[in-house]
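As structure tokens, the structure follows; a few thoughts come after it.
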Amino acid sequence: MIIVDTSVWIDYFNGLITDETNILDVALGKQEVAIGDLIALEILQGFRLDKDYNTAKKYLSSLHHFQMLSPTLALKAADKYRKLRKKGITIRKTADIIIGSFCIEEKLPLLYTDRDFLPFSEHLNLRSVSVKT
């Protein structure tokens, strides 16, 4: 099972061909692909047209979904953020801190293109499915 981040889904739904969208395309036919509630929110809030929104909503609802934030994970995510800050690294989005921390704690690999996840891979043992890491 892999978790696919918003950054890859946006490219995928926009029809962009990248290393990561190719990995996603192959994974959809060969292994379980999952998303978290935060990822679903980020993806779906970006659609302007109702038709596109409804198509994506239907498609995403067929995937395995995780609730990504709990009181315990909130504390662990804050710890991870602080570890990175002590190294001089600032993660720009709280959602990325939650997603990265969730994947680390659940030992699930993450497919992403968002550079905010690189420090999680380099310093906090996030398992990456991305080609560039």
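Letters A, B, ... mark the chains of the structure tokens in the order given; residue numbers begin at 1 per chain; ligand numbers begin at 1, in order shown.
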**OP:** Show which residues sit within 9 Å of Leu84 (chain A), as a list in words. Count only C-alpha atoms, and ignore same-chain residues fewer than 6 positions away.
**Re:**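 Counting only C-alpha atoms, the residues come to Thr90, Ile91, Pro119, Phe120, His123 and Leu124 of chain A.
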Take the residues from that selection and put them in a file with N, CA, C and O atoms, as an mmCIF file, in the first residue's frame.
```
data_model
loop_
_atom_site.group_PDB
_atom_site.id
_atom_site.type_symbol
_atom_site.label_atom_id
_atom_site.label_comp_id
_atom_site.auth_asym_id
_atom_site.auth_seq_id
_atom_site.Cartn_x
_atom_site.Cartn_y
_atom_site.Cartn_z
ATOM 1 N N THR A 90 12.209 24.755 7.667
ATOM 2 C CA THR A 90 10.825 25.124 7.954
ATOM 3 C C THR A 90 9.912 24.484 6.917
ATOM 4 O O THR A 90 10.090 24.692 5.718
ATOM 5 N N ILE A 91 8.957 23.717 7.377
ATOM 6 C CA ILE A 91 7.948 23.133 6.496
ATOM 7 C C ILE A 91 6.850 24.177 6.342
ATOM 8 O O ILE A 91 6.344 24.712 7.333
ATOM 9 N N PRO A 119 12.699 16.958 3.448
ATOM 10 C CA PRO A 119 13.332 16.852 4.770
ATOM 11 C C PRO A 119 12.793 15.688 5.609
ATOM 12 O O PRO A 119 13.531 15.111 6.414
ATOM 13 N N PHE A 120 11.535 15.334 5.416
ATOM 14 C CA PHE A 120 10.983 14.176 6.120
ATOM 15 C C PHE A 120 11.705 12.904 5.679
ATOM 16 O O PHE A 120 11.984 12.026 6.496
ATOM 17 N N HIS A 123 15.673 13.352 6.895
ATOM 18 C CA HIS A 123 15.999 13.460 8.324
ATOM 19 C C HIS A 123 15.098 12.654 9.258
ATOM 20 O O HIS A 123 15.453 12.439 10.413
ATOM 21 N N LEU A 124 13.919 12.233 8.782
ATOM 22 C CA LEU A 124 12.947 11.605 9.685
ATOM 23 C C LEU A 124 12.474 10.236 9.217
ATOM 24 O O LEU A 124 11.500 9.709 9.724
#
```
Which residues of region 48-121 of chain A sit at most 12 Å from region 17-25 of chain A, using only C-alpha atoms? Give each one's shortest atom pair and distance in Å (one decimal place), in chain and ascending residue order, as a tab-separated table.
```
residue	atom	partner	partner_atom	distance
A:Leu110	CA	A:Glu20	CA	10.8
A:Leu111	CA	A:Glu20	CA	7.0
A:Tyr112	CA	A:Glu20	CA	7.1
A:Thr113	CA	A:Glu20	CA	7.2
A:Asp114	CA	A:Glu20	CA	11.0
```
**OP:** Would you please extract all alpha helix (DSSP H) residues from chain A, as assigned by DSSP on the backbone, and give them as a ChimeraX atom specification?
**Re:** /A:6-13,19-30,37-44,50-61,71-86,94-106,118-123
Residue contacts of Gln31 (chain A) (9 Å, only C-alpha atoms) excluding same-chain residues fewer than 5 positions away, as a PDB file with N, CA, C and O atoms, in the first residue's frame:
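Heads up, here's the output in result-v1.pdb:
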```pdb
ATOM      1  N   MET A   1       0.849  -1.178   0.000  1.00  0.00           N
ATOM      2  CA  MET A   1       0.000   0.000   0.000  1.00  0.00           C
ATOM      3  C   MET A   1       0.892   1.237   0.000  1.00  0.00           C
ATOM      4  O   MET A   1       1.906   1.281   0.680  1.00  0.00           O
ATOM      5  N   ILE A   2       0.484   2.220  -0.798  1.00  0.00           N
ATOM      6  CA  ILE A   2       1.168   3.519  -0.786  1.00  0.00           C
ATOM      7  C   ILE A   2       0.132   4.620  -0.564  1.00  0.00           C
ATOM      8  O   ILE A   2      -1.036   4.468  -0.915  1.00  0.00           O
ATOM      9  N   VAL A  26       0.678   3.071 -12.696  1.00  0.00           N
ATOM     10  CA  VAL A  26       1.046   1.659 -12.573  1.00  0.00           C
ATOM     11  C   VAL A  26       0.527   1.092 -11.247  1.00  0.00           C
ATOM     12  O   VAL A  26      -0.028  -0.001 -11.200  1.00  0.00           O
TER      13      VAL A  26
END
```
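CA of Ile10 (chain A) lies 10.6 Å from CA of Ala56 (chain A).
Among the candidate residues A:Lys76, A:Lys87, A:Lys51, A:Lys93, the one lying nearest to Arg115 (chain A) is A:Lys93, with distances computed using only C-alpha atoms.
Here the DSSP assignment of strand (DSSP E), based on backbone atoms, applies within region 16-121 of chain A to Val33, Ala34, Ile35, Gly36, His64, His65, Phe66, Leu110 and Leu111 of chain A.
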Original post:
How many Å lie between CA of His64 (chain A) and CA of Ile104 (chain A), rounded to one decimal?
Top reply: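 Taking CA of His64 (chain A) as the start and CA of Ile104 (chain A) as the end point, the length is 17.6 Å.
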**OP:** Determine, counting only C-alpha atoms, which protein, DNA and RNA residues have an atom within 10 Å of an atom of Ile43 (chain A); residues of the same chain fewer than 6 positions away are not included. Present the result as JSON, numbers by chain.
**Re:** {"A": [5, 6, 7, 8, 9, 10, 13, 37, 53, 56, 57, 60]}
**OP:** Figure out the distance between CA of Lys30 (chain A) and CA of Asn54 (chain A), please, to one decimal in Å.
**Re:**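 Separating CA of Asn54 (chain A) from CA of Lys30 (chain A) is a distance of 25.0 Å.
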**OP:** Would you mind telling me which residue in A:Phe117, A:Tyr81, A:Phe66, A:Phe102 lies nearest to Val129 (chain A) when using only C-alpha atoms?
**Re:** A:Phe117
Subject >> Residues within 8 Å of Ala95 (chain A), only C-alpha atoms, excluding chain neighbours under 3 positions, as a VMD selection string >> reply: chain A and resid 38 98 to 99
Kindly save the residues from that selection, with N, CA and C atoms included, as an mmCIF file, in the first residue's frame.
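File produced: part.cif:
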```cif
data_model
loop_
_atom_site.group_PDB
_atom_site.id
_atom_site.type_symbol
_atom_site.label_atom_id
_atom_site.label_comp_id
_atom_site.auth_asym_id
_atom_site.auth_seq_id
_atom_site.Cartn_x
_atom_site.Cartn_y
_atom_site.Cartn_z
ATOM 1 N N LEU A 38 -7.054 14.562 4.788
ATOM 2 C CA LEU A 38 -6.500 15.874 4.427
ATOM 3 C C LEU A 38 -6.168 15.960 2.942
ATOM 4 N N ILE A 98 1.411 17.041 8.883
ATOM 5 C CA ILE A 98 0.513 15.965 9.307
ATOM 6 C C ILE A 98 0.662 14.753 8.391
ATOM 7 N N ILE A 99 0.645 14.983 7.085
ATOM 8 C CA ILE A 99 0.736 13.876 6.120
ATOM 9 C C ILE A 99 2.067 13.137 6.271
#
```
**OP:** Can you work out which one of A:Leu28, A:Leu69, A:Leu63, A:Leu118 has the shortest atom-to-atom distance to Thr94 (chain A), counting only C-alpha atoms?
**Re:** A:Leu69
Original post:
Closest to Lys58 (chain A) among A:Leu44, A:Arg82, A:Ser70, A:Gly100, using only C-alpha atoms?
Top reply: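 Ranked by minimum distance to Lys58 (chain A), first place goes to A:Leu44.
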